file final.txt (compact mmCIF, C-alpha atoms (C1' of nucleotides))
# COMPACT_ATOMS: atom_id res chain seq x y z
CA MET A 1 55.31 61.68 122.04
CA VAL A 2 58.32 59.91 123.46
CA THR A 3 61.78 60.42 122.07
CA TYR A 4 64.10 57.45 121.72
CA SER A 5 67.78 57.58 122.52
CA PRO A 6 69.83 56.19 119.63
CA GLU A 7 72.31 55.32 122.34
CA ALA A 8 69.97 52.85 123.99
CA THR A 9 68.53 51.58 120.74
CA PHE A 10 71.81 50.78 119.05
CA SER A 11 73.37 49.15 122.06
CA ALA A 12 70.24 47.07 122.58
CA LEU A 13 70.48 45.96 118.96
CA ALA A 14 74.17 45.18 119.29
CA ASP A 15 73.50 41.89 121.02
CA PRO A 16 72.58 38.94 118.77
CA THR A 17 70.36 37.37 121.42
CA ARG A 18 68.34 40.54 121.71
CA ARG A 19 67.96 40.81 117.96
CA ALA A 20 66.76 37.23 117.95
CA VAL A 21 64.22 38.09 120.64
CA LEU A 22 62.90 40.89 118.46
CA ASP A 23 62.72 38.49 115.55
CA LEU A 24 60.67 36.21 117.71
CA LEU A 25 58.34 38.98 118.75
CA ARG A 26 57.74 39.92 115.17
CA LYS A 27 55.43 36.95 115.06
CA GLY A 28 53.49 38.26 118.02
CA ARG A 29 53.64 38.71 121.75
CA GLN A 30 55.22 36.05 123.93
CA PRO A 31 55.44 35.45 127.68
CA ALA A 32 58.97 35.74 129.09
CA GLY A 33 59.22 32.05 129.79
CA GLN A 34 58.50 31.06 126.22
CA ILE A 35 61.04 33.52 124.98
CA ALA A 36 63.61 31.99 127.30
CA GLN A 37 62.86 28.50 126.03
CA ALA A 38 63.87 29.56 122.55
CA PHE A 39 67.43 30.17 123.70
CA PRO A 40 70.22 28.03 125.10
CA ILE A 41 71.01 30.45 127.91
CA SER A 42 69.49 30.67 131.38
CA ARG A 43 66.14 32.31 132.06
CA PRO A 44 67.59 35.08 134.22
CA ALA A 45 69.93 35.95 131.36
CA ILE A 46 66.93 36.41 129.09
CA SER A 47 65.25 38.40 131.82
CA LYS A 48 68.14 40.81 131.77
CA HIS A 49 68.05 41.06 128.00
CA LEU A 50 64.38 41.87 128.24
CA ARG A 51 65.15 44.58 130.74
CA LEU A 52 67.53 46.23 128.26
CA LEU A 53 65.02 45.90 125.47
CA ARG A 54 62.43 47.52 127.73
CA ARG A 55 64.82 50.30 128.64
CA ALA A 56 65.31 50.96 124.93
CA HIS A 57 61.52 50.86 124.42
CA LEU A 58 61.96 48.18 121.81
CA VAL A 59 59.49 46.02 123.67
CA ASN A 60 56.57 46.64 125.98
CA GLU A 61 55.56 44.47 128.86
CA HIS A 62 52.01 43.74 129.82
CA ARG A 63 51.03 41.53 132.72
CA GLU A 64 48.33 38.97 132.65
CA GLY A 65 48.07 36.87 135.76
CA ARG A 66 51.52 35.53 136.48
CA ASN A 67 52.55 35.85 132.87
CA ARG A 68 54.45 38.76 131.51
CA PHE A 69 53.79 39.22 127.84
CA TYR A 70 56.29 41.05 125.76
CA HIS A 71 55.47 42.66 122.48
CA LEU A 72 57.44 44.50 119.89
CA ASN A 73 57.47 48.28 119.76
CA PRO A 74 58.82 49.28 116.37
CA GLU A 75 59.08 53.01 117.07
CA PRO A 76 62.78 53.07 117.98
CA LEU A 77 63.49 51.11 114.84
CA ARG A 78 61.63 53.68 112.87
CA ALA A 79 63.91 56.24 114.50
CA VAL A 80 66.94 54.24 113.37
CA ASP A 81 65.46 54.16 109.92
CA SER A 82 65.21 57.91 109.79
CA TRP A 83 68.69 58.34 111.24
CA LEU A 84 69.87 56.17 108.38
CA GLU A 85 68.24 58.56 105.98
CA GLN A 86 71.25 60.88 106.01
CA TYR A 87 73.40 58.06 104.69
CA ARG A 88 71.12 56.64 102.03
CA SER A 89 72.57 58.86 99.34
CA PHE A 90 75.90 57.14 99.89
CA TRP A 91 74.68 53.82 98.64
CA SER A 92 72.12 54.85 96.08
CA THR A 93 74.20 54.14 93.02
CA SER A 94 72.64 56.92 91.04
CA LEU A 95 74.28 59.41 93.39
CA ALA A 96 77.56 57.58 93.79
CA ASN A 97 79.31 59.69 91.19
CA LEU A 98 78.09 62.93 92.64
CA LYS A 99 79.26 61.79 96.04
CA ALA A 100 82.71 60.93 94.72
CA PHE A 101 82.91 64.34 93.08
CA VAL A 102 81.88 66.20 96.21
CA GLU A 103 84.32 64.19 98.27
CA ALA A 104 87.17 64.99 95.93
CA GLU A 105 86.31 68.70 96.02
CA TYR A 106 86.12 68.68 99.77
CA ALA A 107 89.42 66.87 100.01
CA LYS A 108 91.17 69.68 98.12
CA GLU A 109 89.54 72.18 100.40
CA THR A 110 90.61 70.46 103.60
CA GLU A 111 94.12 69.91 102.37
CA ALA A 112 94.38 73.59 101.58
CA ALA A 113 93.01 74.37 105.01
CA THR A 114 95.36 71.94 106.70
CA THR A 115 98.63 73.59 105.77
CA PRO A 116 98.16 76.97 107.49
CA ARG A 117 96.31 75.48 110.42
CA ARG A 118 96.29 77.79 113.40
CA ARG A 119 93.41 76.93 115.76
CA LEU A 120 94.48 76.84 119.37
CA HIS A 121 94.01 73.42 120.84
CA SER A 122 93.45 74.59 124.39
CA THR A 123 90.51 76.83 123.61
CA ILE A 124 88.81 73.98 121.84
CA LYS A 125 89.28 71.55 124.67
CA ARG A 126 86.16 72.39 126.68
CA LYS A 127 84.73 70.60 129.61
CA ARG A 128 83.49 67.25 128.27
CA ARG A 129 80.99 65.40 126.26
CA ASN A 130 78.75 67.90 124.54
CA VAL A 131 78.31 65.51 121.70
CA GLU A 132 74.83 64.22 120.77
CA MET B 1 82.35 40.65 98.79
CA VAL B 2 82.83 41.19 102.47
CA THR B 3 80.13 40.42 105.00
CA TYR B 4 79.53 42.80 107.88
CA SER B 5 78.77 41.64 111.39
CA PRO B 6 75.66 43.39 112.72
CA GLU B 7 77.27 42.86 116.10
CA ALA B 8 80.20 45.13 115.30
CA THR B 9 78.13 47.60 113.34
CA PHE B 10 75.48 48.19 115.97
CA SER B 11 77.90 48.44 118.84
CA ALA B 12 80.03 50.87 116.86
CA LEU B 13 76.93 52.95 116.24
CA ALA B 14 75.93 52.80 119.88
CA ASP B 15 78.42 55.49 120.85
CA PRO B 16 77.38 59.11 120.21
CA THR B 17 80.94 60.21 119.56
CA ARG B 18 81.35 57.59 116.87
CA ARG B 19 78.08 58.57 115.24
CA ALA B 20 79.29 62.15 115.26
CA VAL B 21 82.52 61.05 113.59
CA LEU B 22 80.51 59.39 110.85
CA ASP B 23 78.47 62.55 110.49
CA LEU B 24 81.69 64.45 110.05
CA LEU B 25 82.97 62.05 107.45
CA ARG B 26 79.81 62.39 105.46
CA LYS B 27 81.24 65.68 104.27
CA GLY B 28 84.39 63.95 103.09
CA ARG B 29 87.58 62.37 104.29
CA GLN B 30 89.46 63.83 107.23
CA PRO B 31 92.84 63.18 108.83
CA ALA B 32 92.64 61.74 112.36
CA GLY B 33 93.93 64.93 113.93
CA GLN B 34 91.22 67.09 112.43
CA ILE B 35 88.59 64.65 113.53
CA ALA B 36 89.98 64.83 117.05
CA GLN B 37 89.83 68.63 117.04
CA ALA B 38 86.09 68.48 116.49
CA PHE B 39 85.60 66.82 119.88
CA PRO B 40 86.20 67.82 123.48
CA ILE B 41 87.88 64.53 124.35
CA SER B 42 91.53 63.58 124.05
CA ARG B 43 93.15 62.58 120.78
CA PRO B 44 93.95 59.03 121.92
CA ALA B 45 90.30 58.59 122.81
CA ILE B 46 89.36 59.47 119.24
CA SER B 47 92.07 57.16 118.02
CA LYS B 48 90.39 54.33 119.85
CA HIS B 49 87.00 55.25 118.47
CA LEU B 50 88.50 55.20 115.00
CA ARG B 51 89.86 51.76 115.68
CA LEU B 52 86.39 50.48 116.51
CA LEU B 53 84.94 52.15 113.46
CA ARG B 54 87.64 50.51 111.37
CA ARG B 55 86.95 47.14 112.95
CA ALA B 56 83.29 47.57 111.99
CA HIS B 57 84.35 48.60 108.47
CA LEU B 58 82.39 51.81 108.85
CA VAL B 59 85.47 53.77 107.89
CA ASN B 60 88.55 53.09 105.83
CA GLU B 61 91.98 54.43 106.52
CA HIS B 62 94.38 55.56 103.87
CA ARG B 63 97.84 56.92 104.62
CA GLU B 64 99.39 59.89 102.97
CA GLY B 65 102.73 60.90 104.40
CA ARG B 66 102.24 61.22 108.13
CA ASN B 67 98.55 61.82 107.78
CA ARG B 68 95.96 59.13 108.13
CA PHE B 69 92.85 60.00 106.23
CA TYR B 70 89.61 58.40 107.24
CA HIS B 71 86.68 58.09 104.95
CA LEU B 72 83.21 56.77 105.31
CA ASN B 73 82.30 53.30 104.14
CA PRO B 74 78.52 53.12 103.94
CA GLU B 75 78.27 49.39 103.27
CA PRO B 76 77.62 48.27 106.84
CA LEU B 77 74.92 50.92 107.08
CA ARG B 78 73.36 49.53 103.98
CA ALA B 79 73.39 46.18 105.74
CA VAL B 80 71.60 47.75 108.70
CA ASP B 81 69.11 49.20 106.29
CA SER B 82 68.31 45.82 104.87
CA TRP B 83 68.13 44.24 108.32
CA LEU B 84 65.56 46.88 109.13
CA GLU B 85 63.56 45.75 106.15
CA GLN B 86 61.91 42.97 108.15
CA TYR B 87 60.48 45.54 110.50
CA ARG B 88 59.29 48.16 108.04
CA SER B 89 55.85 46.67 107.80
CA PHE B 90 55.41 47.38 111.50
CA TRP B 91 55.46 51.09 111.07
CA SER B 92 53.94 51.51 107.66
CA THR B 93 50.60 52.84 108.82
CA SER B 94 48.77 51.20 105.98
CA LEU B 95 49.67 47.84 107.43
CA ALA B 96 49.19 48.75 111.08
CA ASN B 97 45.71 47.32 111.21
CA LEU B 98 46.72 44.12 109.53
CA LYS B 99 49.56 43.79 112.00
CA ALA B 100 47.25 44.29 114.95
CA PHE B 101 44.93 41.66 113.54
CA VAL B 102 47.68 39.14 112.99
CA GLU B 103 49.04 39.77 116.46
CA ALA B 104 45.69 39.21 118.05
CA GLU B 105 45.23 35.97 116.12
CA TYR B 106 48.66 34.77 117.08
CA ALA B 107 48.03 35.66 120.71
CA LYS B 108 45.02 33.35 120.84
CA GLU B 109 47.14 30.63 119.29
CA THR B 110 50.00 30.96 121.76
CA GLU B 111 47.67 31.13 124.72
CA ALA B 112 46.05 27.92 123.58
CA ALA B 113 49.49 26.39 123.20
CA THR B 114 50.66 27.66 126.60
CA THR B 115 48.25 25.76 128.78
CA PRO B 116 49.26 22.18 127.93
CA ARG B 117 52.93 23.08 127.63
CA ARG B 118 55.18 20.03 128.05
CA ARG B 119 58.62 20.67 126.46
CA LEU B 120 61.49 19.40 128.58
CA HIS B 121 63.77 22.18 129.59
CA SER B 122 66.90 20.05 129.87
CA THR B 123 66.81 18.75 126.32
CA ILE B 124 66.58 22.26 125.01
CA LYS B 125 69.53 23.52 127.03
CA ARG B 126 72.31 22.73 124.56
CA LYS B 127 75.89 23.78 124.72
CA ARG B 128 75.89 27.57 124.29
CA ARG B 129 75.41 30.47 122.01
CA ASN B 130 74.20 29.12 118.70
CA VAL B 131 72.31 32.30 118.13
CA GLU B 132 73.13 34.48 115.13
C1' DA C 1 47.20 26.61 153.92
C1' DA C 2 50.80 24.74 151.29
C1' DT C 3 52.78 23.98 146.71
C1' DT C 4 54.07 25.03 142.30
C1' DA C 5 54.78 28.17 138.38
C1' DA C 6 56.39 32.31 136.21
C1' DC C 7 58.87 35.81 136.80
C1' DG C 8 62.37 39.50 138.35
C1' DT C 9 66.53 40.72 141.16
C1' DA C 10 70.90 40.29 143.89
C1' DA C 11 75.53 38.99 144.10
C1' DC C 12 79.31 37.50 141.87
C1' DC C 13 82.55 36.64 137.86
C1' DG C 14 85.15 37.89 133.58
C1' DT C 15 85.49 40.92 129.61
C1' DA C 16 84.99 44.98 126.87
C1' DC C 17 84.90 49.76 126.52
C1' DA C 18 85.48 55.12 127.31
C1' DG C 19 88.58 58.02 129.17
C1' DT C 20 93.18 59.52 130.82
C1' DT C 21 98.41 60.23 130.67
C1' DA C 22 102.86 58.66 129.08
C1' DC C 23 105.38 56.84 125.46
C1' DA C 24 106.91 54.99 120.78
C1' DC C 25 107.38 55.68 115.85
C1' DA C 26 107.50 57.42 111.35
C1' DT C 27 107.53 61.54 108.39
C1' DT C 28 108.47 66.31 107.50
C1' DA C 29 110.85 70.59 108.45
C1' DT C 30 115.22 73.05 110.11
C1' DA D 1 121.42 65.36 112.58
C1' DT D 2 117.75 67.31 115.29
C1' DA D 3 113.42 68.88 116.30
C1' DA D 4 108.61 69.02 115.59
C1' DT D 5 104.21 66.98 113.85
C1' DG D 6 100.72 63.42 113.29
C1' DT D 7 99.24 59.19 115.03
C1' DG D 8 98.84 54.78 117.30
C1' DT D 9 99.54 51.92 121.57
C1' DA D 10 100.32 50.67 126.53
C1' DA D 11 98.89 50.83 131.11
C1' DC D 12 95.60 52.05 134.26
C1' DT D 13 90.78 53.26 136.10
C1' DG D 14 85.83 53.08 136.49
C1' DT D 15 81.54 51.36 134.58
C1' DA D 16 78.41 48.53 132.03
C1' DC D 17 77.46 43.99 130.16
C1' DG D 18 76.61 38.84 129.61
C1' DG D 19 76.43 34.88 132.02
C1' DT D 20 75.71 32.03 136.25
C1' DT D 21 73.41 30.42 140.71
C1' DA D 22 70.57 31.54 144.67
C1' DC D 23 66.66 33.82 146.36
C1' DG D 24 62.25 36.66 146.64
C1' DT D 25 57.54 37.64 145.13
C1' DT D 26 53.11 37.13 143.27
C1' DA D 27 49.45 34.27 141.10
C1' DA D 28 47.40 29.84 140.27
C1' DT D 29 46.67 24.97 141.98
C1' DT D 30 45.60 21.39 145.10

call {"tool": "encode", "arguments": {"input": "final.txt", "output": "structure tokens"}}
result
Amino acid sequence: MVTYSPEATFSALADPTRRAVLDLLRKGRQPAGQIAQAFPISRPAISKHLRLLRRAHLVNEHREGRNRFYHLNPEPLRAVDSWLEQYRSFWSTSLANLKAFVEAEYAKETEAATTPRRRLHSTIKRKRRNVE
Amino acid sequence: MVTYSPEATFSALADPTRRAVLDLLRKGRQPAGQIAQAFPISRPAISKHLRLLRRAHLVNEHREGRNRFYHLNPEPLRAVDSWLEQYRSFWSTSLANLKAFVEAEYAKETEAATTPRRRLHSTIKRKRRNVE
DNA sequence: AATTAACGTAACCGTACAGTTACACATTAT
DNA sequence: ATAATGTGTAACTGTACGGTTACGTTAATT
């Protein structure tokens, strides 16, 4: 089982052309050339977009003669979907009130904790980038 | 009602630090300084991340004395969720077979259409960037 | 064998971003 | 009034894109 980097997935999805390519591939596989024809930009530009989509595993390539067919791989999107899960409660209206309540409670807490703040900045400032 | 650009949303989400900030804010609002303390990078760096998150409307800022509290705005995420809707059928296992079938059918179709391809490239190459 | 078709890649540009340090500014504490 | 705190912004650097044109490679035609 492969694991998908949200990093690659989200930045691949950030470009409107690439999202449009995915939209196109929803209808089925397409050779690179046909994909390019659907857009007003040059073919090499599309080629580069396809490379990013490949890198993010959002599409797979499969060669057939001199054609390169691209097809959608929905797995990274499924991963996005499950990442989103943590946030669903924030827009399910039934839980909106609970959320507001919790937020208010937490706000009091943090404000109380803010006043006598003591944590040494230097000890916290470690090497770099442990996030993710 | 505001409309959220998927462009801004996805590229904001592409950075792991920013996703971690959102994670933090799920527990409730936080002043910028406290957010910064949770990360090994400099405070101005966080400040810039917050600016991008603001630009994407993923967070709101609200001032209180010299503090700037940030809180989560889930709306753009909801928009992502509904964008994802189009792709859900691709990973709902019950529909996987249907999908495979449709894809295969479509493949035959496009292959048939590929052989006698005639569309003039130049007429298709319009001005620029009408996508999205 | 020589062309043509369908691609990808290289080299080059401009722009945006992730990080840094130095600085500016407003609010609170002395 | 002065100093300290909480934040944002400016300027600068390196890196990754998005686009272009030119070129290379492999497969199908003629």

call {"tool": "atom_distance", "arguments": {"input": "final.txt", "atom1": "atom C1' of D:DA4", "atom2": "atom CA of B:Gly65"}}
result
15.0 Å

call {"tool": "residues_around", "arguments": {"input": "final.txt", "residues": "C:DT9", "least_positions_apart": "5", "cutoff": "12 Å", "atoms": "all atoms listed in the file", "output": "MDAnalysis selection string"}}
result
(chainID A and resid 44:45 47:48 51) or (chainID D and resid 22:25)

call {"tool": "axis_aligned_box", "arguments": {"input": "final.txt", "around": "stretch 5-13 of chain D", "padding_each_side": "8 Å", "output": "JSON"}}
result
{"center_x": 97.5, "center_y": 58.8, "center_z": 124.7, "size_x": 29.4, "size_y": 32.3, "size_z": 38.8}

call {"tool": "closest_residue", "arguments": {"input": "final.txt", "among": "A:Arg43, A:His71, A:Arg19, A:Arg54", "to": "chain D", "atoms": "only C-alpha atoms (C1' of nucleotides)"}}
result
A:Arg43

call {"tool": "closest_atom_pairs", "arguments": {"input": "final.txt", "of": "chain B", "to": "chain D", "cutoff": "8 Å", "atoms": "all atoms listed in the file", "output": "JSON lines"}}
result
{"residue": "B:Ala32", "atom": "CA", "partner": "D:DT7", "partner_atom": "C1'", "distance": 7.6}
{"residue": "B:Gly33", "atom": "CA", "partner": "D:DG6", "partner_atom": "C1'", "distance": 7.0}
{"residue": "B:Pro44", "atom": "CA", "partner": "D:DG8", "partner_atom": "C1'", "distance": 8.0}
{"residue": "B:Ser47", "atom": "CA", "partner": "D:DG8", "partner_atom": "C1'", "distance": 7.2}
{"residue": "B:Arg66", "atom": "CA", "partner": "D:DG6", "partner_atom": "C1'", "distance": 5.8}
{"residue": "B:Asn67", "atom": "CA", "partner": "D:DG6", "partner_atom": "C1'", "distance": 6.1}
{"residue": "B:Arg68", "atom": "CA", "partner": "D:DT7", "partner_atom": "C1'", "distance": 7.6}

call {"tool": "atom_distance", "arguments": {"input": "final.txt", "atom1": "atom CA of A:Thr17", "atom2": "atom CA of B:Leu13"}}
result
17.7 Å

call {"tool": "interface_residues", "arguments": {"input": "final.txt", "of": "chain C", "to": "chain A", "cutoff": "10 Å", "atoms": "all atoms listed in the file", "output": "list of chain:residue names"}}
result
C:DA5, C:DA6, C:DC7, C:DG8, C:DT9

call {"tool": "atom_distance", "arguments": {"input": "final.txt", "atom1": "atom CA of B:Val59", "atom2": "atom CA of A:Ser89"}}
result
16.3 Å

call {"tool": "residues_around", "arguments": {"input": "final.txt", "residues": "A:His57", "least_positions_apart": "3", "cutoff": "7 Å", "atoms": "only C-alpha atoms (C1' of nucleotides)", "output": "list in words"}}
result
Leu53, Arg54, Asn60, Asn73 and Pro76 of chain A

call {"tool": "residues_around", "arguments": {"input": "final.txt", "residues": "A:Ala79", "least_positions_apart": "6", "cutoff": "10 Å", "atoms": "all atoms listed in the file", "output": "list in words"}}
result
Thr3, Tyr4, Ser5, Pro6, Thr9 and Glu85 of chain A

call {"tool": "closest_residue", "arguments": {"input": "final.txt", "among": "B:Leu24, B:Ala14, B:Ile46, B:Leu52", "to": "chain A", "atoms": "all atoms listed in the file"}}
result
B:Ala14

call {"tool": "closest_residue", "arguments": {"input": "final.txt", "among": "B:His49, B:His62, B:Arg18, B:Arg29", "to": "chain A", "atoms": "all atoms listed in the file"}}
result
B:Arg29
